[in-house]
file entry-v9.csv (CSV, C-alpha atoms)
chain,number,residue,atom,x,y,z
G,1,MET,CA,-64.7,24.2,-28.2
G,2,THR,CA,-63.9,24.9,-24.5
G,3,ASN,CA,-61.3,23.9,-22.0
G,4,ILE,CA,-58.5,24.9,-24.3
G,5,GLY,CA,-55.3,25.2,-22.2
G,6,ILE,CA,-53.6,27.4,-24.7
G,7,LEU,CA,-54.6,28.6,-28.2
G,8,TYR,CA,-52.3,30.2,-30.8
G,9,ALA,CA,-54.2,32.3,-33.3
G,10,CYS,CA,-51.3,33.0,-35.6
G,11,LYS,CA,-52.9,36.2,-36.9
G,12,ASP,CA,-51.3,38.4,-39.6
G,13,ASP,CA,-50.1,40.9,-37.0
G,14,GLY,CA,-46.6,41.7,-35.9
G,15,VAL,CA,-43.6,39.7,-37.0
G,16,GLN,CA,-43.0,35.9,-37.5
G,17,LYS,CA,-42.6,35.1,-33.8
G,18,ASP,CA,-45.9,36.7,-32.9
G,19,ILE,CA,-48.4,33.8,-32.7
G,20,HIS,CA,-51.0,35.5,-30.4
G,21,GLU,CA,-51.1,33.2,-27.4
G,22,LEU,CA,-54.4,32.9,-25.5
G,23,LYS,CA,-54.6,30.8,-22.4
G,24,ASN,CA,-57.9,29.2,-21.0
G,25,ALA,CA,-59.5,29.8,-24.4
G,26,ALA,CA,-62.7,28.9,-26.2
G,27,LEU,CA,-63.3,28.6,-30.0
G,28,VAL,CA,-66.7,28.9,-31.6
G,29,TRP,CA,-67.7,28.0,-35.1
G,30,GLU,CA,-70.9,27.7,-37.1
G,31,LYS,CA,-70.9,25.4,-40.1
G,32,GLU,CA,-67.5,25.8,-41.6
G,33,LYS,CA,-66.6,29.3,-40.3
G,34,ILE,CA,-65.1,30.6,-37.0
G,35,VAL,CA,-67.4,33.1,-35.3
G,36,TRP,CA,-65.6,33.8,-32.0
G,37,VAL,CA,-62.2,33.3,-30.3
G,38,GLY,CA,-61.4,34.4,-26.8
G,39,HIS,CA,-61.0,33.7,-23.1
G,40,GLU,CA,-63.5,31.0,-22.0
G,41,ASP,CA,-64.7,33.2,-19.1
G,42,ALA,CA,-65.7,35.9,-21.7
G,43,LEU,CA,-67.8,33.5,-23.9
G,44,PRO,CA,-70.8,35.5,-25.0
G,45,ASP,CA,-74.2,34.4,-23.8
G,46,MET,CA,-75.4,33.9,-27.3
G,47,TYR,CA,-73.0,30.9,-27.7
G,48,SER,CA,-73.6,29.4,-24.2
G,49,GLU,CA,-76.2,26.9,-25.3
G,50,MET,CA,-74.3,25.6,-28.3
G,51,GLU,CA,-73.1,22.0,-28.4
G,52,ARG,CA,-69.7,21.9,-26.8
G,53,MET,CA,-66.5,19.9,-27.4
G,54,ASP,CA,-63.9,19.6,-24.7
G,55,ALA,CA,-60.3,20.2,-25.7
G,56,GLY,CA,-59.2,18.5,-22.4
G,57,GLY,CA,-56.9,21.3,-21.5
G,58,ASN,CA,-54.8,20.7,-24.6
G,59,MET,CA,-53.3,23.1,-27.1
G,60,VAL,CA,-55.2,24.3,-30.2
G,61,ILE,CA,-53.4,25.6,-33.3
G,62,PRO,CA,-54.6,26.5,-36.8
G,63,GLY,CA,-54.7,23.5,-39.1
G,64,LEU,CA,-51.2,22.9,-40.5
G,65,ILE,CA,-50.6,23.6,-44.1
G,66,ASP,CA,-48.0,21.7,-46.1
G,67,CYS,CA,-47.3,24.2,-48.9
G,68,HIS,CA,-44.8,22.1,-50.9
G,69,THR,CA,-45.2,18.4,-51.7
G,70,HIS,CA,-44.9,16.0,-54.6
G,71,LEU,CA,-47.6,13.8,-53.3
G,72,ALA,CA,-48.3,11.6,-56.4
G,73,PHE,CA,-45.4,9.5,-57.5
G,74,GLY,CA,-44.7,5.9,-58.4
G,75,GLY,CA,-42.1,3.9,-56.5
G,76,TRP,CA,-39.5,4.8,-54.0
G,77,ARG,CA,-35.8,5.5,-54.2
G,78,GLU,CA,-34.3,3.8,-51.2
G,79,ASP,CA,-31.2,2.6,-53.2
G,80,GLU,CA,-30.3,6.2,-53.8
G,81,TYR,CA,-30.5,6.8,-50.1
G,82,GLU,CA,-27.9,4.1,-49.6
G,83,LEU,CA,-25.6,5.7,-52.2
G,84,ARG,CA,-26.0,9.1,-50.5
G,85,SER,CA,-25.3,7.5,-47.1
G,86,LEU,CA,-22.0,6.3,-48.6
G,87,GLY,CA,-21.1,9.8,-49.8
G,88,ARG,CA,-22.4,10.0,-53.4
G,89,PRO,CA,-23.5,13.6,-54.2
G,90,TYR,CA,-27.1,14.1,-55.3
G,91,ILE,CA,-26.1,15.8,-58.5
G,92,GLU,CA,-23.8,12.9,-59.4
G,93,ILE,CA,-26.7,10.4,-58.9
G,94,ALA,CA,-29.0,12.6,-61.0
G,95,LYS,CA,-26.5,12.9,-63.9
G,96,ALA,CA,-26.2,9.0,-63.9
G,97,GLY,CA,-30.0,8.7,-64.5
G,98,GLY,CA,-31.2,8.6,-60.9
G,99,GLY,CA,-32.9,11.4,-59.0
G,100,ILE,CA,-36.0,12.9,-60.6
G,101,LEU,CA,-35.7,10.8,-63.8
G,102,ASN,CA,-35.9,7.6,-61.7
G,103,SER,CA,-39.2,8.8,-60.3
G,104,VAL,CA,-40.4,9.8,-63.8
G,105,ARG,CA,-39.9,6.2,-65.0
G,106,ASN,CA,-41.9,4.8,-62.1
G,107,THR,CA,-44.7,7.4,-62.3
G,108,ARG,CA,-45.2,6.9,-66.0
G,109,GLU,CA,-45.7,3.2,-65.3
G,110,ALA,CA,-48.3,3.8,-62.7
G,111,THR,CA,-52.0,4.1,-63.6
G,112,GLU,CA,-54.2,6.9,-62.6
G,113,ASP,CA,-56.2,4.6,-60.3
G,114,GLU,CA,-53.0,3.3,-58.7
G,115,LEU,CA,-51.8,6.8,-58.0
G,116,ILE,CA,-55.2,7.8,-56.5
G,117,GLU,CA,-55.1,4.7,-54.2
G,118,VAL,CA,-51.6,5.4,-52.8
G,119,CYS,CA,-52.3,9.1,-52.4
G,120,ILE,CA,-55.4,8.5,-50.4
G,121,GLU,CA,-53.4,6.2,-48.1
G,122,ARG,CA,-50.9,9.0,-47.6
G,123,LEU,CA,-53.5,11.7,-47.0
G,124,ASP,CA,-55.2,9.5,-44.4
G,125,GLU,CA,-52.0,9.5,-42.5
G,126,ILE,CA,-51.3,13.2,-43.1
G,127,LYS,CA,-54.6,14.3,-41.7
G,128,LYS,CA,-53.7,12.6,-38.4
G,129,LEU,CA,-50.8,15.0,-38.0
G,130,GLY,CA,-53.1,18.0,-37.8
G,131,VAL,CA,-52.7,19.0,-41.5
G,132,THR,CA,-55.8,20.4,-43.2
G,133,THR,CA,-54.3,21.7,-46.6
G,134,VAL,CA,-51.7,20.1,-48.9
G,135,GLU,CA,-50.1,21.6,-52.0
G,136,CYS,CA,-49.4,18.9,-54.5
G,137,LYS,CA,-47.0,19.2,-57.5
G,138,SER,CA,-46.8,17.3,-60.8
G,139,GLY,CA,-43.4,17.0,-62.3
G,140,TYR,CA,-42.8,13.2,-62.4
G,141,GLY,CA,-44.6,12.8,-65.7
G,142,LEU,CA,-42.6,15.2,-67.9
G,143,ASN,CA,-44.7,14.5,-71.0
G,144,LYS,CA,-48.2,15.6,-71.9
G,145,GLU,CA,-50.0,12.3,-71.1
G,146,ASP,CA,-48.4,11.7,-67.7
G,147,GLU,CA,-48.4,15.3,-66.4
G,148,LEU,CA,-52.1,15.6,-67.1
G,149,LYS,CA,-52.6,12.2,-65.5
G,150,VAL,CA,-51.1,13.4,-62.2
G,151,LEU,CA,-53.0,16.7,-62.3
G,152,ARG,CA,-56.3,14.7,-62.8
G,153,VAL,CA,-55.3,12.6,-59.8
G,154,TYR,CA,-55.1,15.8,-57.7
G,155,ARG,CA,-58.4,17.1,-58.9
G,156,LYS,CA,-60.1,13.8,-58.0
G,157,LEU,CA,-58.3,13.6,-54.6
G,158,ASP,CA,-59.7,17.0,-53.7
G,159,ALA,CA,-63.2,15.6,-54.1
G,160,LEU,CA,-62.5,12.1,-52.6
G,161,GLN,CA,-61.2,13.1,-49.2
G,162,PRO,CA,-61.5,16.0,-46.7
G,163,LEU,CA,-58.2,17.8,-47.0
G,164,ASP,CA,-57.9,20.8,-49.4
G,165,ILE,CA,-55.6,19.9,-52.3
G,166,ILE,CA,-53.9,22.7,-54.1
G,167,SER,CA,-52.5,21.7,-57.5
G,168,THR,CA,-49.2,23.0,-59.0
G,169,PHE,CA,-47.9,22.2,-62.5
G,170,LEU,CA,-44.2,21.4,-62.3
G,171,GLY,CA,-43.7,20.2,-65.9
G,172,ALA,CA,-40.4,22.2,-65.7
G,173,HIS,CA,-38.9,19.8,-63.1
G,174,THR,CA,-36.1,18.7,-65.4
G,175,ILE,CA,-35.6,17.9,-69.1
G,176,PRO,CA,-36.9,14.3,-69.8
G,177,PRO,CA,-34.5,11.9,-71.4
G,178,GLU,CA,-36.4,11.9,-74.8
G,179,TYR,CA,-35.7,15.6,-75.1
G,180,LYS,CA,-32.1,15.5,-73.8
G,181,GLU,CA,-30.8,16.7,-77.2
G,182,ASN,CA,-33.6,19.1,-77.9
G,183,ARG,CA,-34.3,21.3,-74.8
G,184,GLU,CA,-36.0,23.9,-76.9
G,185,GLU,CA,-38.6,21.4,-78.2
G,186,TYR,CA,-39.5,20.4,-74.6
G,187,ILE,CA,-39.8,24.0,-73.5
G,188,ARG,CA,-42.2,24.7,-76.5
G,189,LEU,CA,-44.2,21.7,-75.3
G,190,LEU,CA,-44.6,23.4,-72.0
G,191,THR,CA,-45.3,26.9,-73.2
G,192,ASP,CA,-47.3,26.2,-76.4
G,193,ASP,CA,-49.3,23.1,-75.4
G,194,LEU,CA,-49.3,22.1,-71.7
G,195,ILE,CA,-49.6,25.5,-70.0
G,196,PRO,CA,-52.5,26.7,-72.2
G,197,PHE,CA,-54.3,23.3,-71.9
G,198,ILE,CA,-53.9,23.1,-68.1
G,199,ALA,CA,-55.1,26.7,-67.7
G,200,GLU,CA,-58.1,26.1,-70.0
G,201,ASN,CA,-59.1,23.0,-68.1
G,202,ASP,CA,-58.4,24.5,-64.6
G,203,LEU,CA,-56.1,21.6,-63.6
G,204,ALA,CA,-53.7,23.7,-61.6
G,205,THR,CA,-53.5,26.9,-59.6
G,206,PHE,CA,-49.8,27.5,-59.7
G,207,CYS,CA,-46.9,26.9,-62.1
G,208,ASP,CA,-43.5,25.9,-60.7
G,209,ILE,CA,-40.0,25.4,-62.1
G,210,PHE,CA,-36.7,24.0,-60.9
G,211,VAL,CA,-34.0,26.5,-61.5
G,212,GLU,CA,-30.7,24.6,-61.1
G,213,GLU,CA,-27.6,23.3,-63.1
G,214,THR,CA,-29.3,20.0,-63.6
G,215,ALA,CA,-32.7,21.5,-64.6
G,216,PHE,CA,-33.5,24.9,-66.1
G,217,SER,CA,-31.6,28.2,-66.5
G,218,ILE,CA,-32.7,31.6,-65.5
G,219,ASP,CA,-33.5,32.6,-69.1
G,220,GLU,CA,-35.5,29.4,-69.6
G,221,ALA,CA,-37.4,30.0,-66.4
G,222,ARG,CA,-38.2,33.5,-67.4
G,223,THR,CA,-39.7,32.2,-70.7
G,224,ILE,CA,-41.8,29.4,-69.1
G,225,LEU,CA,-43.0,31.4,-66.1
G,226,GLY,CA,-43.8,34.4,-68.2
G,227,THR,CA,-46.1,32.3,-70.3
G,228,ALA,CA,-47.6,30.8,-67.2
G,229,LYS,CA,-48.2,34.3,-65.7
G,230,LYS,CA,-50.0,35.4,-68.8
G,231,ALA,CA,-52.2,32.3,-68.7
G,232,GLY,CA,-53.3,33.2,-65.1
G,233,PHE,CA,-51.2,30.9,-63.0
G,234,GLY,CA,-49.6,32.0,-59.7
G,235,LEU,CA,-45.9,31.5,-59.9
G,236,LYS,CA,-43.5,29.4,-57.7
G,237,LEU,CA,-39.8,28.5,-58.0
G,238,HIS,CA,-37.6,25.8,-56.7
G,239,ALA,CA,-34.7,28.2,-56.3
G,240,ASP,CA,-31.0,28.3,-55.1
G,241,GLN,CA,-31.2,24.8,-53.6
G,242,LEU,CA,-27.9,23.4,-54.6
G,243,SER,CA,-26.1,26.5,-55.8
G,244,SER,CA,-26.7,30.3,-55.9
G,245,GLY,CA,-28.2,30.8,-59.3
G,246,GLY,CA,-30.3,33.9,-59.0
G,247,GLY,CA,-33.6,32.1,-58.6
G,248,ALA,CA,-34.7,34.2,-55.6
G,249,GLU,CA,-34.0,37.4,-57.6
G,250,LEU,CA,-36.1,36.0,-60.5
G,251,ALA,CA,-38.9,35.1,-58.2
G,252,ALA,CA,-39.1,38.6,-56.9
G,253,GLU,CA,-38.8,40.1,-60.4
G,254,LEU,CA,-41.8,38.0,-61.6
G,255,GLY,CA,-43.9,38.5,-58.6
G,256,ALA,CA,-43.9,34.9,-57.6
G,257,VAL,CA,-45.9,34.0,-54.5
G,258,SER,CA,-43.0,31.9,-53.2
G,259,ALA,CA,-39.5,30.8,-53.8
G,260,ASP,CA,-38.7,27.4,-52.2
G,261,HIS,CA,-35.6,25.8,-50.8
G,262,LEU,CA,-33.2,28.8,-51.0
G,263,GLU,CA,-30.3,27.1,-49.1
G,264,TYR,CA,-27.8,29.1,-51.2
G,265,ILE,CA,-29.8,32.3,-51.6
G,266,SER,CA,-27.7,35.5,-52.0
G,267,ASP,CA,-27.9,38.6,-50.0
G,268,ASP,CA,-29.3,40.4,-53.1
G,269,GLY,CA,-31.9,37.6,-53.4
G,270,ILE,CA,-32.9,38.2,-49.7
G,271,ARG,CA,-33.3,41.9,-50.3
G,272,ALA,CA,-35.3,41.4,-53.5
G,273,MET,CA,-37.7,38.9,-51.9
G,274,ALA,CA,-38.3,41.2,-48.9
G,275,LYS,CA,-39.1,44.1,-51.3
G,276,ALA,CA,-41.5,41.9,-53.3
G,277,ASN,CA,-43.0,40.3,-50.3
G,278,THR,CA,-42.3,36.8,-51.7
G,279,VAL,CA,-42.7,34.0,-49.2
G,280,ALA,CA,-39.6,31.8,-48.6
G,281,VAL,CA,-40.6,28.2,-48.3
G,282,SER,CA,-38.0,26.3,-46.2
G,283,ILE,CA,-37.5,22.5,-46.7
G,284,PRO,CA,-35.7,21.1,-43.6
G,285,PHE,CA,-36.1,17.5,-44.8
G,286,ALA,CA,-34.2,18.1,-48.0
G,287,THR,CA,-31.4,19.8,-46.0
G,288,PHE,CA,-31.4,16.8,-43.6
G,289,TYR,CA,-31.5,14.1,-46.2
G,290,LEU,CA,-29.0,15.7,-48.7
G,291,ARG,CA,-26.6,16.9,-46.0
G,292,GLN,CA,-26.8,20.4,-47.4
G,293,GLN,CA,-26.4,23.7,-45.6
G,294,SER,CA,-29.7,25.0,-44.2
G,295,ILE,CA,-31.7,27.9,-45.6
G,296,PRO,CA,-30.5,31.1,-43.8
G,297,ALA,CA,-33.8,31.5,-42.1
G,298,ARG,CA,-32.6,34.0,-39.5
G,299,LYS,CA,-31.3,36.4,-42.2
G,300,LEU,CA,-34.5,36.1,-44.1
G,301,ILE,CA,-36.7,36.7,-41.1
G,302,ASP,CA,-34.6,39.6,-39.9
G,303,ALA,CA,-34.9,41.1,-43.4
G,304,GLY,CA,-38.7,40.9,-43.2
G,305,VAL,CA,-39.2,37.9,-45.5
G,306,PRO,CA,-42.0,35.5,-44.3
G,307,VAL,CA,-40.5,32.0,-44.0
G,308,ALA,CA,-42.9,29.1,-44.4
G,309,VAL,CA,-42.0,25.5,-43.4
G,310,SER,CA,-43.0,22.5,-45.5
G,311,THR,CA,-42.0,18.8,-46.0
G,312,ASP,CA,-41.3,18.7,-49.8
G,313,PHE,CA,-42.6,15.1,-49.5
G,314,ASN,CA,-41.1,13.2,-52.4
G,315,PRO,CA,-39.4,9.8,-53.0
G,316,GLY,CA,-35.9,11.1,-53.3
G,317,SER,CA,-34.7,14.1,-51.2
G,318,ALA,CA,-37.5,14.3,-48.7
G,319,PRO,CA,-39.3,10.9,-48.3
G,320,SER,CA,-41.5,11.9,-45.3
G,321,TYR,CA,-44.9,13.7,-45.0
G,322,HIS,CA,-44.5,14.4,-41.3
G,323,LEU,CA,-44.9,18.1,-41.1
G,324,PRO,CA,-44.5,18.4,-37.3
G,325,LEU,CA,-41.1,16.7,-37.7
G,326,ALA,CA,-40.2,19.2,-40.4
G,327,MET,CA,-41.1,21.9,-38.0
G,328,HIS,CA,-38.9,20.4,-35.3
G,329,LEU,CA,-36.0,20.3,-37.8
G,330,GLY,CA,-36.8,24.0,-38.7
G,331,CYS,CA,-35.9,24.8,-35.1
G,332,THR,CA,-32.8,22.6,-34.9
G,333,LEU,CA,-31.3,23.1,-38.4
G,334,GLN,CA,-32.6,26.5,-39.4
G,335,TYR,CA,-32.4,28.3,-36.0
G,336,MET,CA,-36.0,29.3,-36.1
G,337,SER,CA,-37.9,29.5,-32.8
G,338,PRO,CA,-40.9,27.2,-32.1
G,339,ALA,CA,-43.2,30.1,-32.5
G,340,GLU,CA,-41.7,31.0,-35.9
G,341,VAL,CA,-42.0,27.5,-37.2
G,342,LEU,CA,-45.7,27.4,-36.1
G,343,LYS,CA,-46.5,30.6,-38.0
G,344,GLY,CA,-44.4,29.2,-40.9
G,345,ALA,CA,-46.6,26.1,-41.1
G,346,THR,CA,-49.9,27.9,-40.7
G,347,LEU,CA,-50.4,31.6,-41.7
G,348,TYR,CA,-47.2,31.9,-43.8
G,349,ALA,CA,-47.8,28.6,-45.5
G,350,ALA,CA,-51.3,29.9,-46.4
G,351,LYS,CA,-49.6,33.0,-47.8
G,352,ALA,CA,-47.4,30.8,-50.0
G,353,LEU,CA,-50.7,29.4,-51.5
G,354,ASN,CA,-52.6,32.7,-51.6
G,355,LEU,CA,-55.0,31.2,-49.1
G,356,ASP,CA,-54.4,33.5,-46.1
G,357,THR,CA,-57.7,35.3,-46.5
G,358,HIS,CA,-59.6,32.2,-45.4
G,359,THR,CA,-57.3,29.8,-43.5
G,360,GLY,CA,-54.0,29.7,-41.7
G,361,SER,CA,-55.1,31.5,-38.5
G,362,LEU,CA,-57.9,31.3,-35.9
G,363,GLU,CA,-60.0,34.4,-36.4
G,364,PRO,CA,-63.7,35.1,-37.0
G,365,GLY,CA,-64.6,34.8,-40.6
G,366,LYS,CA,-61.9,32.2,-41.4
G,367,ASN,CA,-62.5,28.5,-42.0
G,368,ALA,CA,-62.7,26.4,-38.9
G,369,ASP,CA,-59.5,24.5,-39.7
G,370,PHE,CA,-57.6,23.6,-36.6
G,371,ALA,CA,-55.9,20.9,-34.6
G,372,VAL,CA,-55.9,19.9,-31.0
G,373,ILE,CA,-52.3,19.0,-29.8
G,374,LYS,CA,-51.4,17.2,-26.6
G,375,SER,CA,-48.9,19.6,-25.3
G,376,LYS,CA,-48.8,22.5,-22.8
G,377,SER,CA,-47.1,25.0,-25.2
G,378,ILE,CA,-45.5,25.3,-28.7
G,379,ASN,CA,-42.1,25.3,-27.1
G,380,HIS,CA,-42.8,22.0,-25.3
G,381,TRP,CA,-44.3,20.5,-28.5
G,382,MET,CA,-41.2,21.2,-30.5
G,383,TYR,CA,-38.8,20.4,-27.8
G,384,HIS,CA,-40.4,17.1,-26.7
G,385,PHE,CA,-40.9,15.5,-30.1
G,386,THR,CA,-43.2,12.5,-30.2
G,387,PRO,CA,-44.4,10.4,-33.1
G,388,ASN,CA,-47.7,12.3,-33.1
G,389,ALA,CA,-49.1,14.7,-30.5
G,390,CYS,CA,-52.2,15.5,-32.5
G,391,GLN,CA,-55.4,14.5,-30.7
G,392,MET,CA,-58.0,15.9,-33.2
G,393,THR,CA,-58.0,17.4,-36.7
G,394,VAL,CA,-61.0,19.6,-37.7
G,395,LYS,CA,-61.5,20.8,-41.3
G,396,ASP,CA,-64.2,23.3,-42.3
G,397,GLY,CA,-65.8,22.8,-38.9
G,398,ARG,CA,-66.0,19.0,-39.1
G,399,VAL,CA,-63.9,16.5,-37.2
G,400,ILE,CA,-62.0,14.5,-39.8
G,401,TRP,CA,-59.8,12.6,-37.3
G,402,SER,CA,-59.5,12.1,-33.6
G,403,VAL,CA,-57.8,9.6,-31.2
call {"tool": "encode", "arguments": {"input": "entry-v9.csv", "output": "structure tokens"}}
result
Amino acid sequence: MTNIGILYACKDDGVQKDIHELKNAALVWEKEKIVWVGHEDALPDMYSEMERMDAGGNMVIPGLIDCHTHLAFGGWREDEYELRSLGRPYIEIAKAGGGILNSVRNTREATEDELIEVCIERLDEIKKLGVTTVECKSGYGLNKEDELKVLRVYRKLDALQPLDIISTFLGAHTIPPEYKENREEYIRLLTDDLIPFIAENDLATFCDIFVEETAFSIDEARTILGTAKKAGFGLKLHADQLSSGGGAELAAELGAVSADHLEYISDDGIRAMAKANTVAVSIPFATFYLRQQSIPARKLIDAGVPVAVSTDFNPGSAPSYHLPLAMHLGCTLQYMSPAEVLKGATLYAAKALNLDTHTGSLEPGKNADFAVIKSKSINHWMYHFTPNACQMTVKDGRVIWSV
């Protein structure tokens, strides 16, 4: 591809703000791999006769990676949005049977085919935003049959459409109502049945857990995640979202690849994550929709913690899959620079999925995953927000969407 006005390589060099700007650039790929990136006037002769695509002077970035979503769910929760708009706290709504349990009821009622159909519709829109990889969590089944149903949906989606789907088992999202009086039995279902079965059948890459007053305690999380780690899963945590509960410290202790949310992370948690090189996944939409304080992104970045940016797309606290808008909110709510949110939604998001060796940046040897954005710079793109500035999305060297 030639006539690139500005390209951001987002390599794993320097700190979060270093996105490796290259003006008047060219990008060369063969099949699914990048083979050369540089100034157009330095394009090697060996590539001069290759078929060319014209970027029209636009900006080129690595394919965006949404590293935290709950893509497959039944129904929506717009009535809860009205209640929150009138001042009802999220925890109060959840304790009254709303929140996650509302989505559990709707998802259990949905068939596998119905979930596949609605997810394909969502992914068709997501790819138009420049997104090339999506992490997808279970957690709205909360029994063996429906958790496996959702994970099967993700495995089928990975084959049915062009975006990479990374599956995460979130059976420990909350305690389902039928186990309300017997938490230990549900935890045994997770540790003795579901985790071994999912590992044996390769239905998920990661195991996640929601550590919070309305969900699971630190001790319960240590038991569940310890079992998952022994079974070969990478570990993730929903941590310190509504209160400071020590989730970040536990993530570091267990060697989790990421801890997500972290609006109420402690200073000890920040230090522990920096030492363990655990990625902090920020969720600006949840902050925005729930009117919570934002993740202390500046403190995390200054401490050396890589901060990814994601949507947390779900029917309750983050009902949008618009990752560029989440990036914009990362600037306005989290005090991150446009360069920092770009690296957060590319290379650092790849790190949060253990994918940074082959995607997340524009370098020879990596997958040709990239997006062409109608903007003159990352600063202008984030500043002048439009419904969608993406002109083309390329996955594994193949155009999967263009205007």
call {"tool": "closest_residue", "arguments": {"input": "entry-v9.csv", "among": "G:Pro62, G:Pro162, G:Gly245, G:Gly234", "to": "G:Thr346", "atoms": "all atoms listed in the file"}}
result
G:Pro62
call {"tool": "residues_around", "arguments": {"input": "entry-v9.csv", "residues": "stretch 86-93 of chain G", "least_positions_apart": "6", "cutoff": "8 Å", "atoms": "only C-alpha atoms", "output": "PyMOL selection string"}}
result
chain G and resi 80+99+214+290
call {"tool": "closest_residue", "arguments": {"input": "entry-v9.csv", "among": "G:Gly130, G:Gly75, G:Gly98, G:Gly232", "to": "G:Asn314", "atoms": "all atoms listed in the file"}}
result
G:Gly75
call {"tool": "residues_around", "arguments": {"input": "entry-v9.csv", "residues": "G:Ile265", "least_positions_apart": "4", "cutoff": "7 Å", "atoms": "all atoms listed in the file", "output": "list in words"}}
result
Asp240, Ser244, Ala248, Gly269 and Ile270 of chain G
call {"tool": "closest_atom_pairs", "arguments": {"input": "entry-v9.csv", "of": "stretch 145-256 of chain G", "to": "stretch 352-373 of chain G", "cutoff": "12 Å", "atoms": "only C-alpha atoms", "output": "JSON lines"}}
result
{"residue": "G:Pro162", "atom": "CA", "partner": "G:Asp369", "partner_atom": "CA", "distance": 11.2}
{"residue": "G:Leu163", "atom": "CA", "partner": "G:Asp369", "partner_atom": "CA", "distance": 10.0}
{"residue": "G:Asp164", "atom": "CA", "partner": "G:Asp369", "partner_atom": "CA", "distance": 10.5}
{"residue": "G:Ile165", "atom": "CA", "partner": "G:Leu353", "partner_atom": "CA", "distance": 10.7}
{"residue": "G:Ile166", "atom": "CA", "partner": "G:Leu353", "partner_atom": "CA", "distance": 7.9}
{"residue": "G:Ser167", "atom": "CA", "partner": "G:Leu353", "partner_atom": "CA", "distance": 9.9}
{"residue": "G:Thr168", "atom": "CA", "partner": "G:Leu353", "partner_atom": "CA", "distance": 10.0}
{"residue": "G:Ala204", "atom": "CA", "partner": "G:Leu353", "partner_atom": "CA", "distance": 12.0}
{"residue": "G:Thr205", "atom": "CA", "partner": "G:Leu353", "partner_atom": "CA", "distance": 8.9}
{"residue": "G:Phe206", "atom": "CA", "partner": "G:Leu353", "partner_atom": "CA", "distance": 8.5}
{"residue": "G:Cys207", "atom": "CA", "partner": "G:Leu353", "partner_atom": "CA", "distance": 11.5}
{"residue": "G:Phe233", "atom": "CA", "partner": "G:Leu353", "partner_atom": "CA", "distance": 11.6}
{"residue": "G:Gly234", "atom": "CA", "partner": "G:Asn354", "partner_atom": "CA", "distance": 8.7}
{"residue": "G:Leu235", "atom": "CA", "partner": "G:Leu353", "partner_atom": "CA", "distance": 9.9}
{"residue": "G:Lys236", "atom": "CA", "partner": "G:Ala352", "partner_atom": "CA", "distance": 8.7}
{"residue": "G:Leu237", "atom": "CA", "partner": "G:Ala352", "partner_atom": "CA", "distance": 11.3}
{"residue": "G:Ala256", "atom": "CA", "partner": "G:Ala352", "partner_atom": "CA", "distance": 9.3}
call {"tool": "atom_distance", "arguments": {"input": "entry-v9.csv", "atom1": "atom CA of G:Ala276", "atom2": "atom CA of G:Leu300"}}
result
12.9 Å
call {"tool": "residues_around", "arguments": {"input": "entry-v9.csv", "residues": "stretch 50-61 of chain G", "least_positions_apart": "4", "cutoff": "6 Å", "atoms": "only C-alpha atoms", "output": "NGL selection string"}}
result
:G and (1-8 or 370-375)
call {"tool": "residues_around", "arguments": {"input": "entry-v9.csv", "residues": "G:Asp219", "least_positions_apart": "6", "cutoff": "12 Å", "atoms": "only C-alpha atoms", "output": "number ranges by chain"}}
result
G: 184, 187, 209, 211-212, 225-226, 245-247, 250
call {"tool": "closest_residue", "arguments": {"input": "entry-v9.csv", "among": "G:His380, G:Arg77, G:Lys229, G:His238", "to": "G:Leu170", "atoms": "all atoms listed in the file"}}
result
G:His238
call {"tool": "residues_around", "arguments": {"input": "entry-v9.csv", "residues": "G:Arg105", "least_positions_apart": "4", "cutoff": "10 Å", "atoms": "all atoms listed in the file", "output": "list of chain:residue names"}}
result
G:Phe73, G:Gly74, G:Gly75, G:Gly98, G:Ile100, G:Leu101, G:Glu109, G:Ala110, G:Tyr140, G:Gly141, G:Leu142, G:Pro176
call {"tool": "closest_residue", "arguments": {"input": "entry-v9.csv", "among": "G:Leu333, G:Val305, G:Val279, G:Ala345", "to": "G:Gln293", "atoms": "only C-alpha atoms"}}
result
G:Leu333
call {"tool": "closest_residue", "arguments": {"input": "entry-v9.csv", "among": "G:Thr107, G:Thr287, G:Ser317, G:Thr69", "to": "G:Tyr81", "atoms": "only C-alpha atoms"}}
result
G:Ser317
call {"tool": "atom_distance", "arguments": {"input": "entry-v9.csv", "atom1": "atom CA of G:Gly255", "atom2": "atom CA of G:Arg188"}}
result
22.7 Å
call {"tool": "closest_residue", "arguments": {"input": "entry-v9.csv", "among": "G:Lys376, G:Asn182, G:Pro44, G:Ala72", "to": "G:Asp146", "atoms": "only C-alpha atoms"}}
result
G:Ala72
call {"tool": "atom_distance", "arguments": {"input": "entry-v9.csv", "atom1": "atom CA of G:Ala199", "atom2": "atom CA of G:Tyr186"}}
result
18.2 Å
call {"tool": "decode", "arguments": {"input": "entry-v9.csv", "residues": "stretch 355-366 of chain G", "atoms": "C-alpha atoms", "output": "short mmCIF file (atom, residue, chain, number, x, y, z; two decimals), in the first residue's frame"}}
result
data_model
loop_
_atom_site.label_atom_id
_atom_site.label_comp_id
_atom_site.auth_asym_id
_atom_site.auth_seq_id
_atom_site.Cartn_x
_atom_site.Cartn_y
_atom_site.Cartn_z
CA LEU G 355 -1.06 -12.09 20.77
CA ASP G 356 1.64 -9.41 20.54
CA THR G 357 4.14 -11.70 18.81
CA HIS G 358 2.04 -11.72 15.64
CA THR G 359 -0.37 -8.76 15.71
CA GLY G 360 -0.90 -5.34 17.30
CA SER G 361 1.86 -3.49 15.42
CA LEU G 362 2.98 -2.91 11.84
CA GLU G 363 6.30 -4.71 11.53
CA PRO G 364 7.82 -7.29 9.15
CA GLY G 365 6.84 -10.81 10.19
CA LYS G 366 3.58 -9.80 11.81
#
